[in-house]
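Visitor: Contents of final.txt (compact mmCIF, C-alpha atoms) are given next:
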```txt
# COMPACT_ATOMS: atom_id res chain seq x y z
CA MET A 1 -25.73 -1.55 9.85
CA ASP A 2 -23.04 1.03 10.51
CA ARG A 3 -20.51 -1.74 11.16
CA ASP A 4 -21.03 -2.92 7.57
CA ILE A 5 -20.45 0.62 6.31
CA LEU A 6 -17.28 0.95 8.36
CA GLU A 7 -15.93 -2.35 7.04
CA THR A 8 -16.70 -1.18 3.50
CA LEU A 9 -14.78 2.05 4.08
CA PHE A 10 -11.82 0.06 5.38
CA GLY A 11 -11.92 -2.08 2.25
CA VAL A 12 -11.98 1.00 0.02
CA ALA A 13 -9.01 2.49 1.89
CA VAL A 14 -7.02 -0.74 1.52
CA GLU A 15 -7.90 -1.08 -2.15
CA ALA A 16 -6.63 2.45 -2.83
CA ALA A 17 -3.25 1.43 -1.39
CA GLN A 18 -2.87 -1.82 -3.31
CA PRO A 19 0.49 -2.08 -5.12
CA ALA A 20 -1.22 -3.58 -8.17
CA HIS A 21 -2.68 -0.14 -8.89
CA ALA A 22 0.18 2.04 -7.72
CA VAL A 23 3.30 0.35 -9.08
CA ARG A 24 2.40 0.54 -12.78
CA ALA A 25 2.06 4.33 -12.60
CA HIS A 26 5.59 4.73 -11.20
CA LEU A 27 7.80 2.50 -13.35
CA PRO A 28 11.38 3.81 -13.71
CA GLN A 29 13.12 4.27 -17.03
CA ARG A 30 14.56 1.04 -18.42
CA PRO A 31 18.35 0.77 -18.08
CA ALA A 32 20.93 -0.15 -20.69
CA GLY A 33 22.18 -2.84 -18.32
CA ARG A 34 20.62 -5.21 -15.81
CA THR A 35 17.52 -4.69 -13.66
CA ILE A 36 17.77 -6.02 -10.10
CA VAL A 37 14.68 -5.87 -7.87
CA VAL A 38 15.09 -5.90 -4.08
CA GLY A 39 12.77 -4.92 -1.28
CA ALA A 40 11.43 -5.37 2.22
CA GLY A 41 8.18 -4.81 4.06
CA LYS A 42 4.73 -6.17 4.65
CA ALA A 43 3.63 -5.04 1.16
CA SER A 44 6.86 -5.94 -0.64
CA ALA A 45 5.70 -9.28 -2.08
CA GLN A 46 2.60 -7.70 -3.61
CA MET A 47 4.76 -4.85 -4.90
CA ALA A 48 7.12 -7.40 -6.47
CA LYS A 49 4.23 -9.23 -8.11
CA ALA A 50 2.87 -5.97 -9.52
CA PHE A 51 6.28 -4.81 -10.74
CA GLU A 52 7.04 -8.13 -12.40
CA ALA A 53 3.72 -8.00 -14.26
CA ALA A 54 4.26 -4.41 -15.42
CA TRP A 55 7.96 -4.57 -16.41
CA ASP A 56 8.55 -5.39 -20.08
CA GLY A 57 12.24 -6.20 -19.80
CA PRO A 58 14.45 -8.81 -18.14
CA LEU A 59 14.85 -8.70 -14.38
CA ASN A 60 15.65 -10.77 -11.32
CA GLY A 61 15.62 -10.08 -7.64
CA LEU A 62 14.77 -10.87 -4.04
CA VAL A 63 12.38 -9.25 -1.57
CA VAL A 64 11.57 -10.19 2.01
CA THR A 65 8.16 -9.94 3.64
CA ARG A 66 6.47 -11.06 6.83
CA TYR A 67 5.55 -14.72 7.32
CA GLY A 68 2.23 -15.37 5.58
CA TYR A 69 2.45 -12.26 3.39
CA GLY A 70 4.08 -13.86 0.32
CA ALA A 71 2.89 -13.73 -3.29
CA ALA A 72 3.55 -15.90 -6.33
CA CYS A 73 6.26 -14.41 -8.57
CA ASN A 74 8.12 -15.95 -11.51
CA ARG A 75 11.35 -13.94 -11.64
CA ILE A 76 11.58 -12.31 -8.21
CA GLU A 77 12.30 -14.56 -5.25
CA ILE A 78 10.11 -14.00 -2.19
CA ALA A 79 11.62 -14.66 1.25
CA GLU A 80 9.62 -14.56 4.48
CA ALA A 81 10.84 -13.59 7.93
CA ALA A 82 9.65 -12.49 11.36
CA HIS A 83 8.01 -9.19 12.31
CA PRO A 84 8.09 -7.18 14.57
CA VAL A 85 11.15 -8.81 16.21
CA PRO A 86 13.77 -9.90 13.61
CA ASP A 87 14.78 -13.53 13.19
CA ALA A 88 17.55 -15.45 11.44
CA ALA A 89 15.52 -15.73 8.22
CA GLY A 90 15.43 -11.94 7.94
CA TYR A 91 19.14 -11.70 8.68
CA LEU A 92 19.96 -14.17 5.89
CA ALA A 93 17.60 -12.44 3.46
CA ALA A 94 19.26 -9.08 4.18
CA ARG A 95 22.69 -10.59 3.52
CA ARG A 96 21.49 -12.03 0.22
CA ILE A 97 19.93 -8.72 -0.82
CA MET A 98 23.23 -6.98 -0.14
CA GLU A 99 24.98 -9.56 -2.31
CA ARG A 100 22.46 -9.00 -5.13
CA VAL A 101 23.31 -5.30 -5.42
CA SER A 102 27.06 -5.65 -5.01
CA GLY A 103 29.34 -5.30 -8.01
CA LEU A 104 26.84 -3.55 -10.29
CA GLY A 105 27.81 -1.07 -12.98
CA HIS A 106 26.80 2.41 -14.09
CA ASP A 107 24.31 1.07 -16.66
CA ASP A 108 22.50 -1.19 -14.19
CA LEU A 109 19.26 -0.39 -12.33
CA VAL A 110 18.25 -1.41 -8.82
CA VAL A 111 14.53 -1.16 -8.10
CA ALA A 112 13.88 -1.05 -4.33
CA LEU A 113 10.33 -1.95 -3.25
CA ILE A 114 10.00 -0.60 0.29
CA SER A 115 7.06 -0.69 2.69
CA GLY A 116 6.33 -0.59 6.39
CA GLY A 117 7.72 -3.45 8.42
CA GLY A 118 10.99 -3.44 6.51
CA SER A 119 12.97 -2.32 9.55
CA ALA A 120 12.39 -5.64 11.29
CA LEU A 121 12.55 -7.67 8.07
CA LEU A 122 16.02 -6.36 7.12
CA PRO A 123 18.10 -6.97 10.24
CA GLN A 124 21.78 -6.39 9.58
CA PRO A 125 23.74 -5.05 12.54
CA ALA A 126 26.58 -2.61 12.05
CA PRO A 127 30.12 -3.95 12.56
CA GLY A 128 30.78 -4.65 16.23
CA ILE A 129 27.11 -5.28 17.04
CA SER A 130 25.66 -8.77 17.24
CA PHE A 131 22.37 -9.93 15.77
CA GLU A 132 21.17 -10.58 19.32
CA ASP A 133 21.97 -6.95 20.17
CA GLU A 134 19.82 -5.78 17.27
CA GLN A 135 16.96 -8.01 18.40
CA ALA A 136 17.22 -6.64 21.94
CA VAL A 137 17.09 -3.04 20.70
CA ASN A 138 13.96 -3.83 18.63
CA GLN A 139 12.23 -5.37 21.63
CA GLN A 140 12.99 -2.32 23.75
CA LEU A 141 11.78 0.05 21.07
CA LEU A 142 8.51 -1.81 20.68
CA ALA A 143 7.81 -1.57 24.42
CA SER A 144 8.97 2.03 24.81
CA GLY A 145 5.99 3.91 23.40
CA ALA A 146 8.30 5.78 21.02
CA PRO A 147 6.73 6.88 17.71
CA ILE A 148 7.82 5.06 14.58
CA GLY A 149 10.00 7.97 13.42
CA VAL A 150 12.02 7.86 16.64
CA MET A 151 12.41 4.09 16.40
CA ASN A 152 13.70 4.28 12.86
CA VAL A 153 16.21 7.05 13.57
CA ILE A 154 17.79 4.80 16.19
CA ARG A 155 17.64 1.72 13.96
CA ASN A 156 19.25 3.70 11.15
CA GLN A 157 22.33 4.47 13.22
CA ILE A 158 23.05 0.90 14.32
CA SER A 159 22.43 -0.88 11.02
CA GLY A 160 24.66 -2.16 8.27
CA ILE A 161 21.93 -1.88 5.60
CA LYS A 162 19.53 0.93 6.57
CA GLY A 163 19.88 4.71 6.30
CA GLY A 164 20.88 4.65 2.62
CA ARG A 165 23.58 2.03 3.09
CA LEU A 166 21.97 -0.41 0.65
CA ALA A 167 21.89 2.27 -2.07
CA ALA A 168 25.52 3.14 -1.34
CA LEU A 169 26.42 -0.52 -1.77
CA ALA A 170 24.63 -0.57 -5.15
CA ALA A 171 26.58 2.42 -6.53
CA PRO A 172 27.40 3.27 -9.27
CA ALA A 173 24.12 1.63 -10.35
CA ARG A 174 21.03 3.84 -10.46
CA VAL A 175 18.52 3.12 -7.68
CA ALA A 176 14.78 3.74 -8.10
CA THR A 177 12.88 3.39 -4.83
CA LEU A 178 9.11 2.84 -4.77
CA VAL A 179 7.58 3.35 -1.33
CA VAL A 180 4.29 2.31 0.23
CA SER A 181 4.39 4.65 3.21
CA ASP A 182 3.32 3.74 6.74
CA ILE A 183 4.98 6.83 8.21
CA PRO A 184 3.02 9.90 9.36
CA GLY A 185 4.13 12.66 7.01
CA ASP A 186 5.38 10.13 4.40
CA ASP A 187 9.11 10.82 4.77
CA PRO A 188 10.57 8.00 2.61
CA ALA A 189 13.80 8.02 4.63
CA LEU A 190 11.82 6.78 7.64
CA VAL A 191 9.87 3.99 5.91
CA ALA A 192 11.62 0.72 6.83
CA SER A 193 14.43 2.96 8.17
CA GLY A 194 15.32 3.96 4.60
CA PRO A 195 17.62 1.23 3.25
CA THR A 196 18.01 3.18 0.00
CA VAL A 197 17.16 6.69 1.24
CA PRO A 198 19.61 8.41 3.62
CA MET A 199 18.22 10.23 6.66
CA ARG A 200 19.05 13.72 7.84
CA ALA A 201 18.99 12.76 11.52
CA SER A 202 22.39 12.72 13.22
CA ARG A 203 23.94 10.29 15.66
CA ALA A 204 23.64 12.94 18.36
CA GLU A 205 19.87 13.03 17.75
CA ALA A 206 19.74 9.25 18.08
CA ARG A 207 21.59 9.46 21.43
CA HIS A 208 19.13 12.10 22.62
CA MET A 209 16.16 9.87 21.70
CA VAL A 210 17.69 6.90 23.52
CA ALA A 211 17.98 9.02 26.66
CA LEU A 212 14.52 10.54 26.23
CA TYR A 213 12.81 7.15 26.15
CA GLY A 214 15.04 5.60 28.82
CA LEU A 215 16.35 2.78 26.63
CA LYS A 216 18.88 0.40 28.22
CA LEU A 217 21.01 -0.52 25.24
CA PRO A 218 23.41 -3.45 24.96
CA HIS A 219 26.99 -2.37 25.63
CA ALA A 220 28.13 -2.69 22.00
CA VAL A 221 25.18 -0.61 20.75
CA ALA A 222 25.76 2.13 23.33
CA ALA A 223 29.46 2.20 22.42
CA LEU A 224 28.67 2.62 18.71
CA LEU A 225 26.22 5.47 19.36
CA ALA A 226 28.80 7.20 21.54
CA SER A 227 31.34 7.11 18.71
CA ASP A 228 31.63 8.52 15.19
CA GLU A 229 32.27 5.12 13.63
CA ASN A 230 30.20 3.54 10.84
CA LEU A 231 28.18 6.69 10.22
CA PRO A 232 25.42 6.37 7.61
CA PRO A 233 25.77 8.22 4.28
CA THR A 234 24.30 11.70 3.99
CA PRO A 235 21.58 12.84 1.57
CA GLY A 236 24.13 14.95 -0.32
CA ASP A 237 26.40 12.02 -1.12
CA PRO A 238 27.19 12.13 -4.88
CA ALA A 239 26.61 8.36 -5.04
CA PHE A 240 22.88 9.11 -4.86
CA ALA A 241 22.77 11.83 -7.54
CA ARG A 242 21.00 9.69 -10.16
CA ASN A 243 18.65 7.94 -7.74
CA SER A 244 14.90 8.54 -7.52
CA VAL A 245 12.28 8.05 -4.81
CA SER A 246 8.49 7.80 -5.32
CA VAL A 247 5.85 7.43 -2.60
CA ILE A 248 3.26 5.40 -4.50
CA ALA A 249 0.71 4.75 -1.73
CA SER A 250 -0.01 6.46 1.59
CA ALA A 251 -2.62 7.04 4.26
CA ALA A 252 -3.61 10.34 2.64
CA ILE A 253 -4.60 8.61 -0.60
CA SER A 254 -6.53 5.92 1.27
CA LEU A 255 -8.43 8.40 3.44
CA GLU A 256 -9.49 10.40 0.39
CA ALA A 257 -10.83 7.23 -1.21
CA ALA A 258 -12.77 6.33 1.94
CA ALA A 259 -14.18 9.85 2.17
CA ALA A 260 -15.45 9.67 -1.40
CA ARG A 261 -17.17 6.33 -0.71
CA ALA A 262 -18.70 7.65 2.52
CA ARG A 263 -20.58 10.31 0.59
CA GLY A 264 -22.33 7.51 -1.27
CA PHE A 265 -23.72 6.31 2.06
CA GLY A 266 -25.13 9.78 2.79
CA LEU A 267 -22.40 10.59 5.31
CA VAL A 268 -20.46 13.84 5.52
CA PRO A 269 -16.77 12.90 5.72
CA ALA A 270 -14.23 14.82 7.76
CA ILE A 271 -10.57 13.82 7.46
CA LEU A 272 -9.03 14.83 10.77
CA SER A 273 -5.44 14.02 9.75
CA ASP A 274 -3.41 11.37 7.95
CA ALA A 275 -0.48 11.77 10.39
CA ILE A 276 -1.82 11.31 13.92
CA GLU A 277 0.67 10.04 16.48
CA GLY A 278 0.74 9.61 20.25
CA GLU A 279 -0.32 7.13 22.90
CA ALA A 280 -3.27 5.14 21.55
CA ARG A 281 -5.39 5.63 24.68
CA GLU A 282 -4.76 9.39 24.71
CA VAL A 283 -5.49 9.81 21.00
CA ALA A 284 -8.71 7.85 21.63
CA LYS A 285 -9.87 10.40 24.22
CA VAL A 286 -9.55 13.23 21.69
CA HIS A 287 -11.44 11.29 19.01
CA ALA A 288 -14.12 10.39 21.56
CA ALA A 289 -14.54 14.02 22.62
CA LEU A 290 -15.05 15.08 19.00
CA ALA A 291 -17.54 12.27 18.40
CA ARG A 292 -19.52 13.06 21.58
CA GLU A 293 -19.65 16.77 20.78
CA THR A 294 -20.92 16.02 17.29
CA ALA A 295 -23.50 13.52 18.59
CA ARG A 296 -24.85 15.84 21.27
CA HIS A 297 -24.53 19.30 19.73
CA ASN A 298 -24.06 18.76 15.98
CA ARG A 299 -20.66 20.46 16.17
CA PRO A 300 -17.84 20.72 15.17
CA PHE A 301 -19.15 18.42 12.41
CA ALA A 302 -22.67 18.20 11.02
CA LYS A 303 -24.47 14.87 11.35
CA PRO A 304 -24.58 12.33 9.84
CA ALA A 305 -20.78 12.46 9.84
CA VAL A 306 -17.89 10.08 9.51
CA LEU A 307 -14.62 11.15 11.12
CA LEU A 308 -11.60 9.66 9.36
CA SER A 309 -7.99 9.61 10.48
CA GLY A 310 -4.71 7.83 9.84
CA GLY A 311 -1.15 7.80 11.12
CA GLU A 312 0.36 5.54 13.76
CA THR A 313 -0.38 5.59 17.45
CA THR A 314 1.88 3.90 19.99
CA VAL A 315 1.43 1.77 23.09
CA THR A 316 3.68 1.93 26.13
CA LEU A 317 3.51 -1.56 27.62
CA ARG A 318 2.36 -1.49 31.22
CA GLY A 319 0.74 -4.91 31.54
CA ASN A 320 1.10 -8.37 30.08
CA GLY A 321 -2.12 -8.63 28.08
CA ARG A 322 -2.65 -9.08 24.35
CA GLY A 323 -3.70 -6.34 22.00
CA GLY A 324 -2.33 -4.06 19.29
CA ARG A 325 -2.47 -0.30 19.15
CA ASN A 326 -5.78 -0.18 17.24
CA ALA A 327 -7.60 -2.44 19.68
CA GLU A 328 -6.15 -0.41 22.56
CA PHE A 329 -7.28 2.82 20.89
CA LEU A 330 -10.78 1.46 20.48
CA LEU A 331 -11.01 0.10 24.03
CA ALA A 332 -10.16 3.53 25.43
CA PHE A 333 -12.60 5.07 22.92
CA ALA A 334 -15.38 2.68 23.99
CA ILE A 335 -14.87 3.59 27.64
CA ALA A 336 -15.03 7.30 26.79
CA ILE A 337 -18.28 7.09 24.77
CA GLU A 338 -20.10 4.59 27.01
CA GLY A 339 -23.82 5.38 27.05
CA THR A 340 -23.66 7.75 24.07
CA THR A 341 -26.00 6.72 21.26
CA GLY A 342 -25.40 7.14 17.54
CA ILE A 343 -21.62 6.52 17.53
CA THR A 344 -19.98 3.49 15.90
CA ALA A 345 -16.23 3.28 15.30
CA LEU A 346 -13.66 1.03 13.62
CA ALA A 347 -9.91 1.18 14.14
CA ALA A 348 -7.65 -1.19 12.21
CA ASP A 349 -4.21 -1.60 10.71
CA THR A 350 -4.33 -1.53 6.92
CA ASP A 351 -1.94 -4.49 6.68
CA GLY A 352 -4.58 -6.67 8.36
CA ILE A 353 -2.59 -7.39 11.53
CA ASP A 354 -2.88 -5.25 14.66
CA GLY A 355 0.36 -5.83 16.54
CA ALA A 356 1.04 -9.55 16.88
CA GLY A 357 -2.58 -10.76 16.87
CA ASP A 358 -4.73 -12.27 14.13
CA ASN A 359 -7.07 -9.29 14.00
CA ALA A 360 -6.78 -6.09 11.99
CA GLY A 361 -8.45 -4.15 14.78
CA ALA A 362 -11.89 -3.89 16.36
CA VAL A 363 -15.30 -2.21 16.21
CA ALA A 364 -17.04 -0.39 19.07
CA ASP A 365 -20.08 1.72 19.93
CA GLY A 366 -21.70 3.27 23.00
CA THR A 367 -22.74 -0.16 24.32
CA THR A 368 -19.32 -1.85 24.01
CA ALA A 369 -18.00 -1.16 27.50
CA THR A 370 -21.36 -2.11 29.04
CA ARG A 371 -21.41 -5.41 27.13
CA MET A 372 -17.87 -6.16 28.31
CA ARG A 373 -18.97 -5.77 31.92
CA ALA A 374 -21.92 -8.06 31.28
CA ALA A 375 -19.44 -10.64 29.96
CA GLY A 376 -17.43 -10.41 33.18
CA ILE A 377 -14.71 -8.09 31.83
CA ASP A 378 -13.68 -4.84 33.48
CA PRO A 379 -12.77 -2.62 30.49
CA GLN A 380 -10.65 -0.28 32.61
CA ALA A 381 -8.68 -3.22 34.01
CA ALA A 382 -8.24 -4.65 30.52
CA LEU A 383 -6.92 -1.30 29.30
CA ALA A 384 -4.50 -1.05 32.23
CA ASN A 385 -3.21 -4.54 31.36
CA ASN A 386 -2.89 -3.80 27.61
CA ASP A 387 -5.42 -6.61 27.08
CA ALA A 388 -7.78 -5.10 24.51
CA TYR A 389 -7.72 -8.18 22.26
CA MET A 390 -9.25 -10.39 24.92
CA ALA A 391 -11.86 -7.78 25.85
CA PHE A 392 -13.11 -7.42 22.28
CA ARG A 393 -12.88 -11.13 21.54
CA GLU A 394 -15.27 -11.94 24.38
CA ILE A 395 -18.03 -9.73 22.93
CA GLY A 396 -17.43 -10.45 19.22
CA GLY A 397 -15.90 -7.05 18.58
CA LEU A 398 -12.70 -8.07 16.80
CA PHE A 399 -12.28 -7.09 13.15
CA ILE A 400 -10.43 -9.84 11.27
CA THR A 401 -9.34 -9.57 7.62
CA GLY A 402 -6.10 -11.51 7.26
CA PRO A 403 -3.11 -10.01 5.39
CA THR A 404 -4.26 -7.32 2.95
CA GLY A 405 -1.16 -7.04 0.74
CA THR A 406 -0.46 -3.42 1.61
CA ASN A 407 0.44 -1.25 4.61
CA VAL A 408 -0.35 2.45 5.00
CA ASN A 409 -0.75 2.17 8.76
CA ASP A 410 -3.75 2.88 10.96
CA PHE A 411 -7.24 3.53 9.61
CA ARG A 412 -9.90 4.95 11.90
CA ALA A 413 -13.49 5.71 10.95
CA ILE A 414 -16.17 6.96 13.36
CA ILE A 415 -19.79 7.31 12.24
CA VAL A 416 -21.88 9.82 14.19
CA ARG A 417 -25.64 9.98 13.63
```
When written as structure tokens, how does the structure in this file appear?
Guide:
Amino acid sequence: MDRDILETLFGVAVEAAQPAHAVRAHLPQRPAGRTIVVGAGKASAQMAKAFEAAWDGPLNGLVVTRYGYGAACNRIEIAEAAHPVPDAAGYLAARRIMERVSGLGHDDLVVALISGGGSALLPQPAPGISFEDEQAVNQQLLASGAPIGVMNVIRNQISGIKGGRLAALAAPARVATLVVSDIPGDDPALVASGPTVPMRASRAEARHMVALYGLKLPHAVAALLASDENLPPTPGDPAFARNSVSVIASAAISLEAAAARARGFGLVPAILSDAIEGEAREVAKVHAALARETARHNRPFAKPAVLLSGGETTVTLRGNGRGGRNAEFLLAFAIAIEGTTGITALAADTDGIDGAGDNAGAVADGTTATRMRAAGIDPQAALANNDAYMAFREIGGLFITGPTGTNVNDFRAIIVR
């Protein structure tokens, strides 16, 4: 079955992004002094486990990951906190991480293990902003439909730990940052809002983005953005001169691995892009048009084909249903290909959780929308209510994996025969 093939391709993509493979190839030079490991993100615990196993010297540290994403480590403490809206556990973990890197010397090394999800897992508001303010900003950003890069530029400006501030706190110690990227384009300064990698975006750009997406910020946050206080460090800061940054896993690497495996199934792979962004339902229409054209006219791709893409779509909340961006993508896709034979698609988040649900994503074909109607579900109404999870659950279309241990964002694969 094509669903089995699609699930295999997802597994290959996830395996290619596993920290156990990637960390060992990017170990920093051992220091004369201490080695302190810190980190945040949905893959950070697996990164910590891999680093601990590969490092042949003394070390200690603390990383924070999402609830349920922990891993057993001997020398690195694993904390768990809430995602996508920060909680008190994340706030306390961020404070403790800042304490770990304070007071280090020139001969010491800080290893920062950073992956997607770290923005929410490292809440630490700038002076004058409350923790509740930071939570409120995160909730607005999640509902705004803003791409992840825009979200993280704003988060960077209002944080006490992001935007290179953690690395500045660690100076004069050397900081080696290893990144599992969930950002289209793989800019390490945007992954987890760059706690150890300063951004080039200015405060004026952050203000422009707030206005563009119509965000209603808490008074203290708006006041900070209107001022020149507590600005983040700049990339040219001499405190960062000895630091290094390595992107060790990304959507591009995972898509290449999936493409290679697809050839073994007799499929012709086409990687559309590893950096697709935009509203999930609109991106779905473009993917559906390409799939239909290939199914009906054997162009622009020759059958049997598998269309692969990555990146991160967004969802502007209009209703009160349940469903992440991948399920919403696939619901819109299913509506667009209804009645077309020979097309089967999977869309899933490589961390195993699509939004706040228990599913990684979903699977659909040309009969999906018809089967939803037969089950008493109006697919268009479900899409309007952002209720893709329920729609797919009722017909057995959810794709459930549990936490995968990594996070290189969305994975989409569409087989056309």
Visitor: So that I can see what lies close to region 21-25 of chain A, please list as number ranges by chain the residues with an atom at most 9 Å from it, counting all atoms listed in the file and leaving out residues fewer than 2 positions away in the same chain.
Guide: A: 15-19, 27, 47, 50-51, 53-55, 178, 180, 248-249
Visitor: Next, dump the selected residues to file, keeping only C-alpha atoms, as a PDB file, keeping the file's coordinate frame.
Guide:
```pdb
ATOM      1  CA  GLU A  15      -7.900  -1.080  -2.150  1.00  0.00           C
ATOM      2  CA  ALA A  16      -6.630   2.450  -2.830  1.00  0.00           C
ATOM      3  CA  ALA A  17      -3.250   1.430  -1.390  1.00  0.00           C
ATOM      4  CA  GLN A  18      -2.870  -1.820  -3.310  1.00  0.00           C
ATOM      5  CA  PRO A  19       0.490  -2.080  -5.120  1.00  0.00           C
ATOM      6  CA  LEU A  27       7.800   2.500 -13.350  1.00  0.00           C
ATOM      7  CA  MET A  47       4.760  -4.850  -4.900  1.00  0.00           C
ATOM      8  CA  ALA A  50       2.870  -5.970  -9.520  1.00  0.00           C
ATOM      9  CA  PHE A  51       6.280  -4.810 -10.740  1.00  0.00           C
ATOM     10  CA  ALA A  53       3.720  -8.000 -14.260  1.00  0.00           C
ATOM     11  CA  ALA A  54       4.260  -4.410 -15.420  1.00  0.00           C
ATOM     12  CA  TRP A  55       7.960  -4.570 -16.410  1.00  0.00           C
ATOM     13  CA  LEU A 178       9.110   2.840  -4.770  1.00  0.00           C
ATOM     14  CA  VAL A 180       4.290   2.310   0.230  1.00  0.00           C
ATOM     15  CA  ILE A 248       3.260   5.400  -4.500  1.00  0.00           C
ATOM     16  CA  ALA A 249       0.710   4.750  -1.730  1.00  0.00           C
TER      17      ALA A 249
END
```
Visitor: Which residue gives the smallest distance to Ile5 (chain A) among A:His26, A:His83, A:Arg75, A:Arg263, with only C-alpha atoms counted?
Guide: A:Arg263
Visitor: Could you tell me how far CA of Glu328 (chain A) lies from CA of Met151 (chain A), in Å and to one decimal?
Guide: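 Going from CA of Glu328 (chain A) over to CA of Met151 (chain A) covers 20.1 Å.
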Visitor: Counting only C-alpha atoms, what is within 9 Å of region 312-326 of chain A, bar same-chain residues fewer than 3 positions away, as number ranges by chain?
Guide: A: 142-148, 182-184, 275-281, 283, 329-331, 346-349, 353-357, 359-362, 382-390, 409-412
Visitor: Please identify all polymer residues within 10 Å of region 212-216 of chain A, counting all atoms listed in the file, omitting same-chain residues fewer than 3 positions from it, and present them as a list in words.
Guide: Ala136, Val137, Gln140, Leu141, Ala143, Ser144, Gly145, Ala146, Val150, Ala206, Arg207, His208, Met209, His219, Val221 and Ala222 of chain A
Visitor: Given the point (-1.3, -16.5, 3.2) in the file's coordinates, find the residues that have an atom at most 10 Å from it, counting only C-alpha atoms, and give them as number ranges by chain.
Guide: A: 67-71, 402-405
Visitor: Just give me the gap between CA of Ile114 (chain A) and CA of Asp186 (chain A) in Å, one decimal is fine.
Guide: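 Straight-line distance from CA of Ile114 (chain A) to CA of Asp186 (chain A) works out to 12.4 Å.
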Visitor: Would you pick out the contacts of Ser130 (chain A) at 10 Å or less, using only C-alpha atoms, so that residues sharing its chain but fewer than 4 positions from it are not included, and give the list as a count of residues only?
Guide: 9
Visitor: Mind pulling up the distance from CA of Arg393 (chain A) to CA of Asp358 (chain A)?
Guide: 11.1 Å
Visitor: Tell me which of A:Leu272, A:Ala327, A:Ala204, A:Leu104 sits closest to Val175 (chain A), counting all atoms listed in the file.
Guide: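 Ranking A:Leu272, A:Ala327, A:Ala204, A:Leu104 by distance to Val175 (chain A), first place goes to A:Leu104.
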Visitor: For a quick check of understanding, using all atoms listed in the file, which of A:Asp4, A:Asp107, A:Glu99, A:Glu80 has the smallest distance to Gln29 (chain A)?
Guide: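 Between A:Asp4, A:Asp107, A:Glu99, A:Glu80, the residue approaching Gln29 (chain A) most closely is A:Asp107.
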Visitor: Taking into account all atoms listed in the file, which residue in the set A:Val85, A:Pro195, A:Leu267, A:Leu6 is nearest to Met98 (chain A)?
Guide: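 Looking only at the distances to Met98 (chain A), the closest residue turns out to be A:Pro195.
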Visitor: In terms of the shortest atom-to-atom distance over only C-alpha atoms, which of A:Lys303, A:Ala226, A:Pro172, A:Ala289 is closest to Ala239 (chain A)?
Guide: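 Using only C-alpha atoms, Ala239 (chain A) sits closest to A:Pro172.
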Visitor: Identify, on the basis of only C-alpha atoms, every residue whose closest approach to Ser273 (chain A) does not exceed 10 Å; exclude the query and any residue fewer than 3 positions from it along the same chain; express the result as a PyMOL selection string.
Guide: chain A and resi 184+251-252+255+270+276-277+307-311
Visitor: Output the selection as a PDB file, in the frame of the given file - C-alpha atoms for each residue.
Guide:
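result-v9.pdb written:
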```pdb
ATOM      1  CA  PRO A 184       3.020   9.900   9.360  1.00  0.00           C
ATOM      2  CA  ALA A 251      -2.620   7.040   4.260  1.00  0.00           C
ATOM      3  CA  ALA A 252      -3.610  10.340   2.640  1.00  0.00           C
ATOM      4  CA  LEU A 255      -8.430   8.400   3.440  1.00  0.00           C
ATOM      5  CA  ALA A 270     -14.230  14.820   7.760  1.00  0.00           C
ATOM      6  CA  ILE A 276      -1.820  11.310  13.920  1.00  0.00           C
ATOM      7  CA  GLU A 277       0.670  10.040  16.480  1.00  0.00           C
ATOM      8  CA  LEU A 307     -14.620  11.150  11.120  1.00  0.00           C
ATOM      9  CA  LEU A 308     -11.600   9.660   9.360  1.00  0.00           C
ATOM     10  CA  SER A 309      -7.990   9.610  10.480  1.00  0.00           C
ATOM     11  CA  GLY A 310      -4.710   7.830   9.840  1.00  0.00           C
ATOM     12  CA  GLY A 311      -1.150   7.800  11.120  1.00  0.00           C
TER      13      GLY A 311
END
```
Visitor: Counting only C-alpha atoms, figure out which residue out of A:Thr35, A:Thr344, A:Gln380, A:Ser115 gets nearest to Arg66 (chain A).
Guide: A:Ser115
Visitor: List every protein, DNA or RNA residue that has at least one atom no more than 6 Å from (12.4, -10.0, 9.5) in the file's coordinates, counting all atoms listed in the file, and write the result as a list of chain:residue names.
Guide: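 I get A:Ala81, A:Ala82, A:His83, A:Pro86, A:Asp87, A:Gly90, A:Ala120, A:Leu121, A:Leu122 for the residues within 6 Å of that point.
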